[in-house]
Amino acid sequence: MEKRIGIVIIGLILCFSLVFAQNEGVNSQSGIMNSNDLNANNEVTGPQYGGVNNDNNSNANSNGDNNSNITTNEPNKEMEQVQQQITAQRVERLQNAQNEIKDFNSIKELRKTLSQDFVLAAQDNNEFAKEQVRAVKVSIARVLGEAVRQNPTISFDDINGLQQRIIMNTTEILIDSNDTIQARRTIRATIMNNVMEMRNIGESIELVDGNVVAEIKEGSLMIDDNGLFIEEKPIRVTPSKIKTKITKLEKLQLKVNNGVAEYSAEIKNTRNLFGLIPIQTIERARINAETGKVLGYEKPFWSIISTGTDVVQENEEIQ
C-alpha cells in the first residue's frame, strides 16, 4: 500500500514537472516571438522611416544644392546678359560712328565717346567689337589724312585717345603708316603738359616748344597716344626744360645716336684766358632725350689755361 502511494506521488510530481516545463517553453517562445516582433517592427519602422528621412534629407540637400546653384548661377547669367547688352550697344555705337565720321569736326565731336569705347572694347574680349574698332580707325585715318591735306595746321589733341599716329619726316606726313601725304604741315599737340608743334620745312623738321626750337635733320618724328618719338625712341625731356636749365642755349638739335635719342645743345659761355682775358666760347652738351642725363660736355682745348665753369656737369640730370 505504501509503495503504491509513493508511486502515485512520484507520478504526480513528474506530471507537474512536465506541465511546468511546457509552460516555460511556451512563455520563452512567446518571449522570443515578442522580441522578434519588436525587432521586426523596428526593422519596418526604424530603417524605413530612417530611409525615408534620409531620402528626404538627401532630397532636401539636393534641393538645397539646386537652390544654391540657382542662387549662384542666376546672378552670373544676369551679369552675362547685362554684359552682352552693353557690348551690343557699344558695337552699335561703333557701327554708327563709321557713318558719322565725315570730316575732322565730326571726329572731334565723337572723340570722347570713341576713346571710351576703344578701351572698353579691348576689355570685352569680343572679336566683333574689336573689328568695329578697327573699322572706325580706318575711317578716322581716312578723314584725318584729308584734313591734313586741306589744313596747314592740325591739332593732334582732337584725336588723342583714338590710338592714331602721325609720322613726319622732312617732306612727308604718314597717317598710321598707310596714307602718305606729300606736304609740309604743322601738327600741334599737348605733350607733357606743353603745347608743342612739329613742322616739316623741307630740309629738316622743327620741334617747337614755346620759344625753343629743336632741329631734326635726319630721321622722323612720330606722335601717338603714348607721346612723342624720334625713330621710335621716346622723347621725355622737352626743349623748354633744357632751356630752363641752360639759359644761354644757342642752338638745339635732336637725333638718334647709337640707338639713343639725344639732344646736342650749343651753349654760349665765357672763359677767362689766363684768368685775365674774357673770351666768348661755344660749348656743347649731349643730353639723353629720354632721361635728361648729360652724356658729355665739350669745351675749348685751351680751357685748361683759363678760368670759368661748365654750364652743366657730365652725368647731371635735367628734369
# chains A, B, ... in the order shown; residues from 1 in each chain; ligands from 1

$ select_by_dssp --residues "region 54-290 of chain A" --states "alpha helix (DSSP H)" --output "count of residues only"
99

$ residues_around --residues "Pro300 (chain A)" --least-positions-apart "2" --cutoff "9 Å" --atoms "only C-alpha atoms" --output "JSON, numbers by chain"
{"A": [281, 282, 283, 298, 302, 303, 304]}

$ write_last_selection --atoms "N, CA and C atoms" --output "compact mmCIF listing (two decimals), in the first residue's frame"
# COMPACT_ATOMS: atom_id res chain seq x y z
N THR A 281 82.85 131.75 -75.74
CA THR A 281 83.04 130.43 -76.34
C THR A 281 81.69 129.78 -76.66
N ILE A 282 81.72 128.83 -77.60
CA ILE A 282 80.56 127.98 -77.88
C ILE A 282 80.93 126.57 -77.42
N GLU A 283 80.22 126.09 -76.44
CA GLU A 283 80.48 124.76 -75.89
C GLU A 283 79.25 123.86 -76.15
N GLU A 298 81.60 119.25 -74.14
CA GLU A 298 82.79 119.65 -74.91
C GLU A 298 83.08 121.14 -74.68
N TRP A 302 91.87 124.97 -74.94
CA TRP A 302 92.67 125.86 -74.11
C TRP A 302 92.00 126.19 -72.77
N SER A 303 90.86 125.56 -72.51
CA SER A 303 90.15 125.86 -71.27
C SER A 303 90.97 125.49 -70.04
N ILE A 304 92.00 124.64 -70.24
CA ILE A 304 92.83 124.25 -69.10
C ILE A 304 93.69 125.40 -68.59

$ select_by_dssp --residues "region 94-230 of chain A" --states "strand (DSSP E or B)" --output "number ranges by chain"
A: 153-155, 166-168, 172-175, 179-182, 186-191, 194-200, 205-209, 212-216, 221-224, 227-230

$ atom_distance --atom1 "CA of Glu290 (chain A)" --atom2 "CA of Leu228 (chain A)"
10.3 Å

$ closest_residue --among "A:Ala261, A:Ala289, A:Val82, A:Ile140" --to "Ser106 (chain A)" --atoms "only C-alpha atoms"
A:Ile140

$ residues_around --residues "Glu131 (chain A)" --least-positions-apart "5" --cutoff "10 Å" --atoms "only C-alpha atoms" --output "list of chain:residue names"
A:Val91, A:Leu94, A:Ala121, A:Asn126, A:Val136, A:Lys137

$ write_last_selection --atoms "N, CA and C atoms" --output "mmCIF file, in the first residue's frame"
data_model
loop_
_atom_site.group_PDB
_atom_site.id
_atom_site.type_symbol
_atom_site.label_atom_id
_atom_site.label_comp_id
_atom_site.auth_asym_id
_atom_site.auth_seq_id
_atom_site.Cartn_x
_atom_site.Cartn_y
_atom_site.Cartn_z
ATOM 1 N N VAL A 91 28.910 98.020 -79.822
ATOM 2 C CA VAL A 91 29.075 97.684 -81.238
ATOM 3 C C VAL A 91 28.188 98.575 -82.100
ATOM 4 N N LEU A 94 29.721 101.997 -82.377
ATOM 5 C CA LEU A 94 30.879 101.982 -83.269
ATOM 6 C C LEU A 94 30.452 101.862 -84.730
ATOM 7 N N ALA A 121 36.098 98.132 -75.507
ATOM 8 C CA ALA A 121 36.004 97.054 -76.489
ATOM 9 C C ALA A 121 37.181 96.097 -76.341
ATOM 10 N N ASN A 126 35.787 90.786 -77.133
ATOM 11 C CA ASN A 126 34.798 90.411 -78.134
ATOM 12 C C ASN A 126 35.359 90.771 -79.503
ATOM 13 N N VAL A 136 36.496 101.671 -87.438
ATOM 14 C CA VAL A 136 36.406 103.094 -87.083
ATOM 15 C C VAL A 136 37.769 103.764 -87.247
ATOM 16 N N LYS A 137 38.840 103.068 -86.862
ATOM 17 C CA LYS A 137 40.191 103.631 -87.010
ATOM 18 C C LYS A 137 40.512 103.919 -88.472
#

$ residues_around --residues "Asn257 (chain A)" --least-positions-apart "6" --cutoff "12 Å" --atoms "only C-alpha atoms" --output "number ranges by chain"
A: 218-219, 230-231, 233, 263-264, 286-289, 295

$ residues_around --residues "region 172-182 of chain A" --least-positions-apart "3" --cutoff "9 Å" --atoms "only C-alpha atoms" --output "number ranges by chain"
A: 141-142, 144-145, 148-149, 164-169, 185, 200

$ residues_around --residues "Arg90 (chain A)" --least-positions-apart "3" --cutoff "8 Å" --atoms "only C-alpha atoms" --output "PyMOL selection string"
chain A and resi 86-87+93-94+117+121+129

$ atom_distance --atom1 "CA of Glu314 (chain A)" --atom2 "CA of Lys299 (chain A)"
12.1 Å

$ residues_around --residues "region 204-211 of chain A" --least-positions-apart "4" --cutoff "7 Å" --atoms "only C-alpha atoms" --output "PyMOL selection string"
chain A and resi 169-170+195-200+215-217+239-240
